[in-house]
$ cat query-v6.pdb   # PDB, C-alpha atoms and all ligand atoms
ATOM      1  CA  ILE A 247      -0.456 -18.839 -13.682
ATOM      2  CA  LEU A 248      -1.236 -15.922 -11.392
ATOM      3  CA  ARG A 249      -4.234 -15.098 -13.543
ATOM      4  CA  HIS A 250      -5.594 -18.524 -12.612
ATOM      5  CA  PHE A 251      -5.739 -17.267  -9.022
ATOM      6  CA  LEU A 252      -7.441 -14.089 -10.133
ATOM      7  CA  GLY A 253     -10.389 -15.981 -11.530
ATOM      8  CA  PHE A 254      -9.192 -16.583 -15.087
ATOM      9  CA  LEU A 255      -8.923 -20.353 -14.713
ATOM     10  CA  LEU A 256      -6.313 -22.017 -16.859
ATOM     11  CA  PRO A 257      -8.185 -24.576 -18.952
ATOM     12  CA  ASP A 258      -5.668 -27.368 -18.415
ATOM     13  CA  ALA A 259      -4.496 -26.427 -14.933
ATOM     14  CA  PRO A 260      -3.138 -29.319 -12.919
ATOM     15  CA  SER A 261      -5.217 -29.876  -9.761
ATOM     16  CA  LEU A 262      -1.996 -29.188  -7.878
ATOM     17  CA  LEU A 263      -2.336 -25.531  -8.780
ATOM     18  CA  ASN A 264      -5.487 -25.058  -6.727
ATOM     19  CA  SER A 265      -3.694 -26.103  -3.552
ATOM     20  CA  ALA A 266      -0.662 -23.909  -4.251
ATOM     21  CA  ILE A 267       0.328 -20.928  -2.143
ATOM     22  CA  VAL A 268       1.894 -17.749  -3.489
ATOM     23  CA  LEU A 269       4.991 -16.551  -1.633
ATOM     24  CA  GLY A 270       7.217 -13.548  -2.196
ATOM     25  CA  LEU A 271      10.827 -13.283  -1.094
ATOM     26  CA  ASP A 272      13.240 -10.402  -0.715
ATOM     27  CA  THR A 273      16.608 -10.073   0.994
ATOM     28  CA  VAL A 274      18.868  -7.175   1.944
ATOM     29  CA  ARG A 275      22.604  -7.418   2.531
ATOM     30  CA  TRP A 276      24.918  -4.910   4.117
ATOM     31  CA  GLU A 277      26.541  -2.637   1.545
ATOM     32  CA  ASN A 278      30.070  -3.206   2.842
ATOM     33  CA  LYS A 279      32.147  -6.345   2.654
ATOM     34  CA  PRO A 280      31.616  -9.146   3.383
ATOM     35  CA  HIS A 281      27.994  -8.173   2.647
ATOM     36  CA  PRO A 282      26.302 -10.174   5.394
ATOM     37  CA  ILE A 283      22.556 -10.649   5.143
ATOM     38  CA  THR A 284      20.661  -8.169   7.318
ATOM     39  CA  GLU A 285      17.008  -8.658   6.404
ATOM     40  CA  ILE A 286      14.633 -11.225   4.953
ATOM     41  CA  GLY A 287      11.156 -10.291   3.778
ATOM     42  CA  ILE A 288       8.494 -12.871   3.079
ATOM     43  CA  ALA A 289       5.017 -12.140   1.815
ATOM     44  CA  GLU A 290       2.138 -14.454   1.176
ATOM     45  CA  TRP A 291      -0.890 -13.956  -0.967
ATOM     46  CA  ASP A 292      -3.841 -16.063  -0.007
ATOM     47  CA  GLY A 293      -6.230 -14.588  -2.427
ATOM     48  CA  PHE A 294      -7.847 -17.127  -4.660
ATOM     49  CA  ILE A 295     -10.555 -15.196  -6.479
ATOM     50  CA  ASN A 296     -13.363 -17.439  -7.626
ATOM     51  CA  PRO A 297     -14.200 -17.143 -11.293
ATOM     52  CA  GLY A 298     -16.851 -14.540 -11.845
ATOM     53  CA  LYS A 299     -16.117 -12.789  -8.548
ATOM     54  CA  ASP A 300     -15.150  -9.165  -8.797
ATOM     55  CA  VAL A 301     -11.492  -8.361  -8.036
ATOM     56  CA  GLY A 302     -12.565  -4.804  -7.321
ATOM     57  CA  THR A 303     -11.039  -1.502  -8.305
ATOM     58  CA  HIS A 304      -7.234  -1.802  -8.607
ATOM     59  CA  CYS A 305      -7.618  -5.516  -7.703
ATOM     60  CA  GLU A 306      -8.382  -4.419  -4.152
ATOM     61  CA  ASN A 307     -10.169  -7.677  -3.275
ATOM     62  CA  ALA A 308      -7.032  -9.586  -4.219
ATOM     63  CA  LEU A 309      -4.452  -7.183  -2.779
ATOM     64  CA  ILE A 310      -6.151  -7.017   0.616
ATOM     65  CA  ASN A 311      -5.196 -10.660   1.218
ATOM     66  CA  ILE A 312      -1.446 -10.076   1.073
ATOM     67  CA  ARG A 313       0.371 -10.659   4.364
ATOM     68  CA  ALA A 314       4.001  -9.841   5.041
ATOM     69  CA  ALA A 315       6.725 -10.833   7.480
ATOM     70  CA  HIS A 316      10.040  -9.150   8.149
ATOM     71  CA  MET A 317      13.055 -10.737   9.813
ATOM     72  CA  ARG A 318      16.209  -8.904  10.819
ATOM     73  CA  LEU A 319      19.296 -10.952  11.545
ATOM     74  CA  LYS A 320      20.450 -10.175  15.093
ATOM     75  CA  LEU A 321      24.084 -10.680  14.265
ATOM     76  CA  HIS A 322      24.018  -7.981  11.572
ATOM     77  CA  ALA A 323      21.037  -5.801  12.473
ATOM     78  CA  HIS A 324      23.326  -2.975  13.665
ATOM     79  CA  LEU A 325      24.857  -2.744  10.189
ATOM     80  CA  LEU A 326      22.789  -0.143   8.381
ATOM     81  CA  ASN A 327      23.145   0.714   4.730
ATOM     82  CA  LYS A 328      23.906   4.361   4.155
ATOM     83  CA  GLN A 329      24.268   4.607   0.410
ATOM     84  CA  ALA A 330      21.877   6.864  -1.456
ATOM     85  CA  GLY A 331      18.452   5.276  -1.532
ATOM     86  CA  ALA A 332      19.222   2.853   1.290
ATOM     87  CA  GLY A 333      16.161   1.700   3.184
ATOM     88  CA  ASP A 334      15.362   2.001   6.864
ATOM     89  CA  PRO A 335      14.872  -1.502   8.283
ATOM     90  CA  GLU A 336      13.132   0.024  11.301
ATOM     91  CA  ASN A 337      10.314   1.242   9.092
ATOM     92  CA  PHE A 338       8.380  -1.879   8.157
ATOM     93  CA  ILE A 339       4.971  -0.528   7.174
ATOM     94  CA  PHE A 340       3.190  -3.808   6.356
ATOM     95  CA  GLY A 341       3.466  -5.597   9.698
ATOM     96  CA  LYS A 342       5.719  -6.278  12.667
ATOM     97  CA  THR A 343       9.428  -7.047  12.483
ATOM     98  CA  VAL A 344      11.097  -9.883  14.365
ATOM     99  CA  PHE A 345      14.776 -10.189  15.255
ATOM    100  CA  VAL A 346      16.198 -13.656  14.719
ATOM    101  CA  ASP A 347      19.495 -15.460  14.972
ATOM    102  CA  GLU A 348      20.647 -17.424  11.958
ATOM    103  CA  ASP A 349      19.268 -20.765  13.075
ATOM    104  CA  THR A 350      15.878 -19.257  13.799
ATOM    105  CA  ALA A 351      15.859 -17.605  10.374
ATOM    106  CA  LYS A 352      16.536 -20.966   8.750
ATOM    107  CA  GLN A 353      13.835 -22.587  10.841
ATOM    108  CA  ALA A 354      11.315 -19.897   9.908
ATOM    109  CA  LEU A 355      12.131 -20.194   6.200
ATOM    110  CA  ALA A 356      11.672 -23.957   6.325
ATOM    111  CA  VAL A 357       8.330 -23.628   8.103
ATOM    112  CA  VAL A 358       7.093 -21.072   5.574
ATOM    113  CA  PHE A 359       8.272 -22.939   2.488
ATOM    114  CA  LYS A 360       7.660 -26.533   3.567
ATOM    115  CA  ARG A 361       4.012 -26.713   4.423
ATOM    116  CA  ARG A 362       1.753 -29.692   4.521
ATOM    117  CA  ASP A 363      -2.006 -29.568   4.750
ATOM    118  CA  PHE A 364      -1.980 -32.561   7.059
ATOM    119  CA  GLU A 365       0.621 -34.664   8.823
ATOM    120  CA  ASN A 366       2.698 -36.755   6.414
ATOM    121  CA  GLY A 367       0.770 -35.171   3.550
ATOM    122  CA  PRO A 368       2.509 -33.919   0.417
ATOM    123  CA  LEU A 369       4.293 -30.558   0.465
ATOM    124  CA  VAL A 370       1.996 -27.678  -0.459
ATOM    125  CA  PRO A 371       3.186 -26.398  -3.829
ATOM    126  CA  VAL A 372       4.714 -22.922  -3.722
ATOM    127  CA  ILE A 373       4.635 -20.308  -6.448
ATOM    128  CA  LEU A 374       7.592 -18.074  -5.624
ATOM    129  CA  ILE A 375       7.576 -14.448  -6.702
ATOM    130  CA  GLY A 376      10.393 -11.953  -6.493
ATOM    131  CA  HIS A 377      11.895  -8.931  -8.167
ATOM    132  CA  GLY A 378      15.226 -10.119  -9.513
ATOM    133  CA  ILE A 379      14.528 -13.279  -7.533
ATOM    134  CA  ALA A 380      17.686 -15.084  -8.640
ATOM    135  CA  ALA A 381      19.740 -12.678  -6.524
ATOM    136  CA  ASP A 382      17.601 -13.319  -3.440
ATOM    137  CA  ILE A 383      17.848 -17.087  -3.852
ATOM    138  CA  ALA A 384      21.626 -16.696  -4.195
ATOM    139  CA  ASN A 385      21.794 -14.384  -1.164
ATOM    140  CA  LEU A 386      20.170 -16.963   1.100
ATOM    141  CA  LYS A 387      22.504 -19.626  -0.209
ATOM    142  CA  GLU A 388      25.672 -17.561   0.172
ATOM    143  CA  THR A 389      24.941 -16.078   3.569
ATOM    144  CA  LEU A 390      22.850 -18.684   5.387
ATOM    145  CA  GLY A 391      23.552 -21.792   3.362
ATOM    146  CA  VAL A 392      19.824 -22.075   2.686
ATOM    147  CA  ASP A 393      18.818 -23.359  -0.724
ATOM    148  CA  VAL A 394      15.101 -22.690  -1.062
ATOM    149  CA  LEU A 395      14.979 -24.799  -4.212
ATOM    150  CA  ALA A 396      16.119 -27.796  -2.170
ATOM    151  CA  TYR A 397      12.876 -27.599  -0.190
ATOM    152  CA  HIS A 398      11.293 -29.217  -3.262
ATOM    153  CA  SER A 399       8.073 -27.295  -2.703
ATOM    154  CA  ILE A 400       8.580 -24.568  -5.309
ATOM    155  CA  VAL A 401       6.779 -25.472  -8.510
ATOM    156  CA  LYS A 402       7.026 -22.136 -10.279
ATOM    157  CA  ILE A 403       9.161 -19.007 -10.016
ATOM    158  CA  ILE A 404       7.800 -15.716 -11.287
ATOM    159  CA  ASP A 405       9.977 -12.640 -11.602
ATOM    160  CA  THR A 406       8.306  -9.241 -11.705
ATOM    161  CA  GLN A 407      11.260  -7.916 -13.691
ATOM    162  CA  ALA A 408      10.412 -10.392 -16.428
ATOM    163  CA  LEU A 409       6.691  -9.625 -16.169
ATOM    164  CA  ALA A 410       7.452  -5.935 -16.530
ATOM    165  CA  SER A 411       9.658  -6.372 -19.555
ATOM    166  CA  THR A 412       6.575  -6.576 -21.780
ATOM    167  CA  ILE A 413       5.366  -3.102 -20.847
ATOM    168  CA  PRO A 414       6.081  -0.868 -23.822
ATOM    169  CA  SER A 415       6.199   2.415 -21.897
ATOM    170  CA  LEU A 416       8.736   0.973 -19.455
ATOM    171  CA  SER A 417      10.905  -0.526 -22.118
ATOM    172  CA  TYR A 418      10.938   2.905 -23.714
ATOM    173  CA  SER A 419      12.242   4.570 -20.586
ATOM    174  CA  ARG A 420      14.803   1.822 -20.250
ATOM    175  CA  THR A 421      16.260   2.595 -23.623
ATOM    176  CA  ALA A 422      16.181   6.259 -22.682
ATOM    177  CA  GLY A 423      18.835   5.390 -20.171
ATOM    178  CA  HIS A 424      16.987   5.201 -16.850
ATOM    179  CA  ASN A 425      18.250   1.741 -16.276
ATOM    180  CA  ALA A 426      20.319  -0.228 -18.693
ATOM    181  CA  THR A 427      19.241  -3.756 -18.009
ATOM    182  CA  THR A 428      16.562  -3.948 -15.360
ATOM    183  CA  ILE A 429      13.294  -2.366 -14.409
ATOM    184  CA  SER A 430      13.436  -1.294 -10.787
ATOM    185  CA  LEU A 431      10.629  -1.768  -8.298
ATOM    186  CA  GLN A 432      10.390   2.021  -8.013
ATOM    187  CA  MET A 433       9.813   2.369 -11.735
ATOM    188  CA  LEU A 434       7.064  -0.226 -11.568
ATOM    189  CA  LEU A 435       5.394   1.409  -8.577
ATOM    190  CA  ALA A 436       5.493   4.735 -10.375
ATOM    191  CA  HIS A 437       4.032   3.085 -13.467
ATOM    192  CA  PHE A 438       0.947   2.124 -11.462
ATOM    193  CA  GLY A 439       0.828   5.413  -9.544
ATOM    194  CA  ILE A 440       1.650   3.747  -6.216
ATOM    195  CA  PRO A 441       3.357   6.095  -3.750
ATOM    196  CA  ILE A 442       6.932   5.003  -3.130
ATOM    197  CA  GLU A 443       7.113   4.768   0.638
ATOM    198  CA  ALA A 444       9.613   3.180   3.035
ATOM    199  CA  PHE A 445      11.507   1.622   0.240
ATOM    200  CA  ASN A 446      14.551  -0.687   0.051
ATOM    201  CA  THR A 447      13.815  -2.634   3.164
ATOM    202  CA  ALA A 448      12.989  -6.296   2.722
ATOM    203  CA  GLY A 449       9.556  -6.480   4.347
ATOM    204  CA  ASN A 450       8.183  -3.558   2.357
ATOM    205  CA  ASP A 451       9.829  -4.427  -0.951
ATOM    206  CA  VAL A 452       8.515  -7.979  -0.874
ATOM    207  CA  THR A 453       4.995  -6.670  -0.264
ATOM    208  CA  TYR A 454       5.322  -4.227  -3.154
ATOM    209  CA  THR A 455       6.547  -7.088  -5.321
ATOM    210  CA  LEU A 456       3.420  -9.163  -4.675
ATOM    211  CA  ILE A 457       1.198  -6.116  -5.237
ATOM    212  CA  LEU A 458       2.918  -5.466  -8.555
ATOM    213  CA  ALA A 459       2.820  -9.106  -9.610
ATOM    214  CA  ILE A 460      -0.948  -9.161  -9.129
ATOM    215  CA  LEU A 461      -1.465  -5.852 -10.934
ATOM    216  CA  LEU A 462       0.843  -6.852 -13.780
ATOM    217  CA  CYS A 463      -0.961 -10.143 -14.297
ATOM    218  CA  TYR A 464      -4.446  -8.751 -14.011
ATOM    219  CA  ASN A 465      -4.085  -5.952 -16.498
ATOM    220  CA  ASP A 466      -3.232  -6.349 -20.108
ATOM    221  CA  GLN A 467       0.022  -4.400 -20.011
ATOM    222  CA  SER A 468       0.517  -4.229 -23.738
ATOM    223  CA  THR A 469      -2.324  -1.814 -24.341
ATOM    224  CA  ALA A 470      -2.961   0.973 -21.884
ATOM    225  CA  VAL A 471      -0.949   2.770 -19.247
ATOM    226  CA  PRO A 472      -2.755   2.080 -15.948
ATOM    227  CA  ARG A 473      -4.784   4.919 -14.524
ATOM    228  CA  PRO A 474      -4.020   5.554 -10.833
ATOM    229  CA  THR A 475      -7.575   6.725 -10.289
ATOM    230  CA  GLN A 476     -10.352   4.348 -11.278
ATOM    231  CA  ASN A 477     -14.004   4.531 -10.191
ATOM    232  CA  ASN A 478     -12.973   7.599  -8.196
ATOM    233  CA  VAL A 479     -10.549   5.523  -6.134
ATOM    234  CA  HIS A 480      -6.836   6.303  -6.215
ATOM    235  CA  ILE A 481      -4.600   3.271  -5.931
ATOM    236  CA  SER A 482      -2.902   4.819  -2.889
ATOM    237  CA  THR A 483      -6.174   4.276  -0.987
ATOM    238  CA  VAL A 484      -6.035   0.561  -1.750
ATOM    239  CA  ILE A 485      -2.414   0.396  -0.570
ATOM    240  CA  ARG A 486      -3.284   2.338   2.582
ATOM    241  CA  ASN A 487      -6.091  -0.109   3.379
ATOM    242  CA  LEU A 488      -3.678  -3.001   2.937
ATOM    243  CA  LYS A 489      -1.199  -1.293   5.278
ATOM    244  CA  THR A 490      -3.879  -0.944   7.933
ATOM    245  CA  VAL A 491      -4.910  -4.596   7.717
ATOM    246  CA  CYS A 492      -1.301  -5.822   7.640
ATOM    247  CA  SER A 493      -0.159  -3.724  10.571
ATOM    248  CA  GLU A 494      -2.806  -5.397  12.752
ATOM    249  CA  GLN A 495      -1.368  -8.853  12.061
ATOM    250  CA  GLU A 496       0.682 -10.798  14.571
ATOM    251  CA  ALA A 497       4.428 -10.929  13.979
ATOM    252  CA  LEU A 498       6.033 -14.117  12.746
ATOM    253  CA  PRO A 499       6.164 -16.562  15.717
ATOM    254  CA  PHE A 500       9.959 -16.687  15.636
ATOM    255  CA  GLY A 501      12.634 -14.674  17.398
ATOM    256  CA  ASP A 502      12.047 -11.473  19.365
ATOM    257  CA  GLU A 503       9.763  -8.606  18.483
ATOM    258  CA  LYS A 504      11.475  -6.188  20.846
ATOM    259  CA  TRP A 505      15.218  -6.417  20.605
ATOM    260  CA  CYS A 506      17.969  -3.825  20.831
ATOM    261  CA  THR A 507      20.442  -3.496  17.977
ATOM    262  CA  ARG A 508      22.704  -1.493  20.297
ATOM    263  CA  CYS A 509      23.121  -3.734  23.375
ATOM    264  CA  SER A 510      21.449  -6.962  22.117
ATOM    265  CA  GLY A 511      19.039  -6.756  25.046
ATOM    266  CA  VAL A 512      15.540  -8.194  24.769
ATOM    267  CA  GLY A 513      12.481  -6.105  25.624
ATOM    268  CA  HIS A 514      13.505  -2.705  24.292
ATOM    269  CA  PHE A 515      14.528  -1.068  21.045
ATOM    270  CA  ARG A 516      17.728   0.814  20.236
ATOM    271  CA  LYS A 517      16.001   4.172  20.593
ATOM    272  CA  GLU A 518      15.007   3.310  24.179
ATOM    273  CA  CYS A 519      18.398   1.872  25.115
ATOM    274  CA  ARG A 520      19.944   3.231  28.308
ATOM    275  CA  THR A 521      22.635   0.584  28.709
ATOM    276  CA  ASP A 522      26.136   1.864  29.437
ATOM    277  CA  LEU A 523      28.461   0.468  26.845
ATOM    278  CA  SER A 524      32.142   0.608  26.159
ATOM    279  CA  CYS A 525      34.277  -1.053  23.555
ATOM    280  CA  GLU A 526      37.565  -2.339  24.911
ATOM    281  CA  TYR A 527      39.062  -2.266  21.450
ATOM    282  CA  CYS A 528      38.257   1.391  20.764
ATOM    283  CA  VAL A 529      39.151   2.577  24.276
ATOM    284  CA  THR A 530      42.747   1.476  23.724
ATOM    285  CA  SER A 531      42.841   2.269  20.015
ATOM    286  CA  SER A 532      45.370   4.761  18.685
ATOM    287  CA  SER A 533      42.805   6.086  16.229
ATOM    288  CA  PRO A 534      41.094   9.268  17.473
ATOM    289  CA  LYS A 535      37.976   8.313  15.525
ATOM    290  CA  ALA A 536      37.736   4.997  17.304
ATOM    291  CA  GLN A 537      38.373   6.626  20.695
ATOM    292  CA  GLN A 538      35.580   9.098  20.062
ATOM    293  CA  THR A 539      33.028   6.337  19.708
ATOM    294  CA  ALA A 540      34.472   3.997  22.329
ATOM    295  CA  TYR A 541      31.600   4.517  24.752
ATOM    296  CA  THR A 542      28.818   4.211  22.202
ATOM    297  CA  HIS A 543      28.958   0.536  21.311
ATOM    298  CA  MET A 544      29.978  -2.906  22.468
ATOM    299  CA  VAL A 545      33.029  -4.699  21.170
ATOM    300  CA  GLU A 546      30.852  -7.413  19.583
ATOM    301  CA  LYS A 547      29.424  -4.767  17.247
ATOM    302  CA  CYS A 548      32.667  -2.842  16.742
ATOM    303  CA  LEU A 549      33.282  -1.963  13.130
ATOM    304  CA  PHE A 550      36.815  -0.766  13.869
ATOM    305  CA  LYS A 551      37.811  -4.076  15.399
ATOM    306  CA  ALA A 552      36.139  -6.048  12.629
ATOM    307  CA  ASN A 553      37.977  -3.783  10.206
ATOM    308  CA  LEU A 554      34.667  -2.947   8.556
ATOM    309  CA  VAL A 555      34.943   0.802   8.695
ATOM    310  CA  GLY A 556      33.561   1.543   5.288
ATOM    311  CA  SER A 557      31.011   3.707   6.967
ATOM    312  CA  PRO A 558      33.105   5.488   9.571
ATOM    313  CA  ARG A 559      30.893   5.018  12.616
ATOM    314  CA  PRO A 560      29.045   2.061  13.961
ATOM    315  CA  ASN A 561      25.334   2.566  14.343
ATOM    316  CA  SER A 562      25.447   3.945  17.823
ATOM    317  CA  GLU A 563      23.406   7.102  18.052
TER     318      GLU A 563
HETATM  319 ZN    ZN B 601      19.750  -1.747  24.461
HETATM  320 ZN    ZN B 602      34.803  -0.406  19.043
END

$ encode --input "query-v6.pdb" --output "structure tokens"
Amino acid sequence: ILRHFLGFLLPDAPSLLNSAIVLGLDTVRWENKPHPITEIGIAEWDGFINPGKDVGTHCENALINIRAAHMRLKLHAHLLNKQAGAGDPENFIFGKTVFVDEDTAKQALAVVFKRRDFENGPLVPVILIGHGIAADIANLKETLGVDVLAYHSIVKIIDTQALASTIPSLSYSRTAGHNATTISLQMLLAHFGIPIEAFNTAGNDVTYTLILAILLCYNDQSTAVPRPTQNNVHISTVIRNLKTVCSEQEALPFGDEKWCTRCSGVGHFRKECRTDLSCEYCVTSSSPKAQQTAYTHMVEKCLFKANLVGSPRPNSE
């Protein structure tokens, strides 16, 4: 189906397909129980390539039309993952992050997924792409009570893990024990020679997923291993150009662009925060560890009080 958008028209394509939009979805949850949702990444590819038109080296004419959005849930944005390989949600390299409360997140998702070309018109069909997308659909359901399938706009779901499973060189490394059951996004990026940058945060991962979906569909994966340099252009140049274009885009028109994960104040970021804080729970706590951090955070974000001290300190530096 994606190849239809890349100029290889499906002979019996329903007319519906030409009005469809391509959306990517990724979610991140906190590593500790109860694993609240911390980030939602949405990407859109508006890149219909007319038949006969050149997609360019490394599909650059298609990739350049990817746009990404990144939402961080205010309620949980101070909960940072610290496990090995954890991403940095403050490092969204394909656009601008917004901070949203749960209702705003739901509103934004509905606006993105339930589009109509004109008032009272039919829903615009959505082709949904993700990497292990079933988990992301489940995450939204479990944490926000949002069932994206109930929007009734999604006509097709494409999983880059499934797309990648046909690549012989990757299936070889899988059996060699790199990963027992799944092909990771990192492995796929490496396969195409794409630098792995600012990884494991929802806005970036969802963008990488759309990039990979396009590359996987365009190339015949069964034959050759892709060359990172083609026509004297390295694929990292194409990704860098996309980054530049994306970073000039407006943020999603929901929530707050500047919001502090330390004091919940609007208009500044955590790093700029000068607000005096104290946690009434930790001040009176008998635990020396809690006392030590009592003046670094507010009680609403207290991990000791919430009994969530899996990582020993709240994000307070
Ligand atoms: Zn602040
Ligand atoms: Zn506290």

$ residues_around --input "query-v6.pdb" --residues "Cys463 of chain A" --least-positions-apart "3" --cutoff "10 Å" --atoms "only C-alpha atoms" --output "PyMOL selection string"
chain A and resi 247-250+252+406+409-410+458-460+466-467

$ closest_residue --input "query-v6.pdb" --among "A:Glu503, A:Asp334, A:Glu290, A:Glu348" --to "Ile375 of chain A" --atoms "only C-alpha atoms"
A:Glu290

$ residues_around --input "query-v6.pdb" --residues "Val372 of chain A" --least-positions-apart "4" --cutoff "6 Å" --atoms "all atoms listed in the file" --output "MDAnalysis selection string"
chainID A and resid 266:268 399:401

$ resolve_selection --input "query-v6.pdb" --expression "the PyMOL selection byres (((not hetatm)) within 12 of (chain B and resi 601))" --output "PyMOL selection string"
chain A and resi 324+504-523+542-544+562-563

$ atom_distance --input "query-v6.pdb" --atom1 "atom CA of Ile383 of chain A" --atom2 "atom CA of Met317 of chain A"
15.8 Å

$ residues_around --input "query-v6.pdb" --residues "Val484 of chain A" --least-positions-apart "4" --cutoff "10 Å" --atoms "only C-alpha atoms" --output "list in words"
Thr303, His304, Cys305, Glu306, Asn307, Leu309, Ile310, Ile440, Val479, His480, Leu488 and Lys489 of chain A

$ residues_near_ligand --input "query-v6.pdb" --ligand "ligand ZN 602 (chain B)" --cutoff "9 Å" --atoms "all atoms listed in the file" --output "PDB file with C-alpha atoms, keeping the file's coordinate frame"
ATOM      1  CA  SER A 524      32.142   0.608  26.159  1.00  0.00           C
ATOM      2  CA  CYS A 525      34.277  -1.053  23.555  1.00  0.00           C
ATOM      3  CA  GLU A 526      37.565  -2.339  24.911  1.00  0.00           C
ATOM      4  CA  TYR A 527      39.062  -2.266  21.450  1.00  0.00           C
ATOM      5  CA  CYS A 528      38.257   1.391  20.764  1.00  0.00           C
ATOM      6  CA  VAL A 529      39.151   2.577  24.276  1.00  0.00           C
ATOM      7  CA  SER A 531      42.841   2.269  20.015  1.00  0.00           C
ATOM      8  CA  ALA A 536      37.736   4.997  17.304  1.00  0.00           C
ATOM      9  CA  GLN A 537      38.373   6.626  20.695  1.00  0.00           C
ATOM     10  CA  THR A 539      33.028   6.337  19.708  1.00  0.00           C
ATOM     11  CA  ALA A 540      34.472   3.997  22.329  1.00  0.00           C
ATOM     12  CA  TYR A 541      31.600   4.517  24.752  1.00  0.00           C
ATOM     13  CA  THR A 542      28.818   4.211  22.202  1.00  0.00           C
ATOM     14  CA  HIS A 543      28.958   0.536  21.311  1.00  0.00           C
ATOM     15  CA  MET A 544      29.978  -2.906  22.468  1.00  0.00           C
ATOM     16  CA  VAL A 545      33.029  -4.699  21.170  1.00  0.00           C
ATOM     17  CA  GLU A 546      30.852  -7.413  19.583  1.00  0.00           C
ATOM     18  CA  LYS A 547      29.424  -4.767  17.247  1.00  0.00           C
ATOM     19  CA  CYS A 548      32.667  -2.842  16.742  1.00  0.00           C
ATOM     20  CA  LEU A 549      33.282  -1.963  13.130  1.00  0.00           C
ATOM     21  CA  PHE A 550      36.815  -0.766  13.869  1.00  0.00           C
ATOM     22  CA  LYS A 551      37.811  -4.076  15.399  1.00  0.00           C
ATOM     23  CA  ALA A 552      36.139  -6.048  12.629  1.00  0.00           C
ATOM     24  CA  PRO A 560      29.045   2.061  13.961  1.00  0.00           C
TER      25      PRO A 560
END

$ residues_near_point --input "query-v6.pdb" --point "(-2.8, 0.1, -12.1)" --cutoff "6 Å" --atoms "all atoms listed in the file" --output "number ranges by chain"
A: 304, 438, 472-474

$ residues_around --input "query-v6.pdb" --residues "Gln353 of chain A" --least-positions-apart "5" --cutoff "12 Å" --atoms "only C-alpha atoms" --output "list in words"
Met317, Val346, Asp347, Glu348, Val358, Phe359, Lys360, Leu390, Val392, Val394, Leu498, Pro499, Phe500 and Gly501 of chain A

$ closest_residue --input "query-v6.pdb" --among "A:Pro441, A:Lys328, A:Asn487, A:Leu395" --to "Pro371 of chain A" --atoms "only C-alpha atoms"
A:Leu395

$ atom_distance --input "query-v6.pdb" --atom1 "atom CA of Ile373 of chain A" --atom2 "atom CA of Ile404 of chain A"
7.4 Å

$ atom_distance --input "query-v6.pdb" --atom1 "atom CA of Leu355 of chain A" --atom2 "atom CA of Lys320 of chain A"
15.8 Å

$ closest_residue --input "query-v6.pdb" --among "A:Ser265, A:Ala259, A:Thr453, A:Thr475" --to "Arg362 of chain A" --atoms "all atoms listed in the file"
A:Ser265

$ closest_residue --input "query-v6.pdb" --among "A:Ser430, A:Pro368, A:Ile339, A:Pro534" --to "His398 of chain A" --atoms "all atoms listed in the file"
A:Pro368
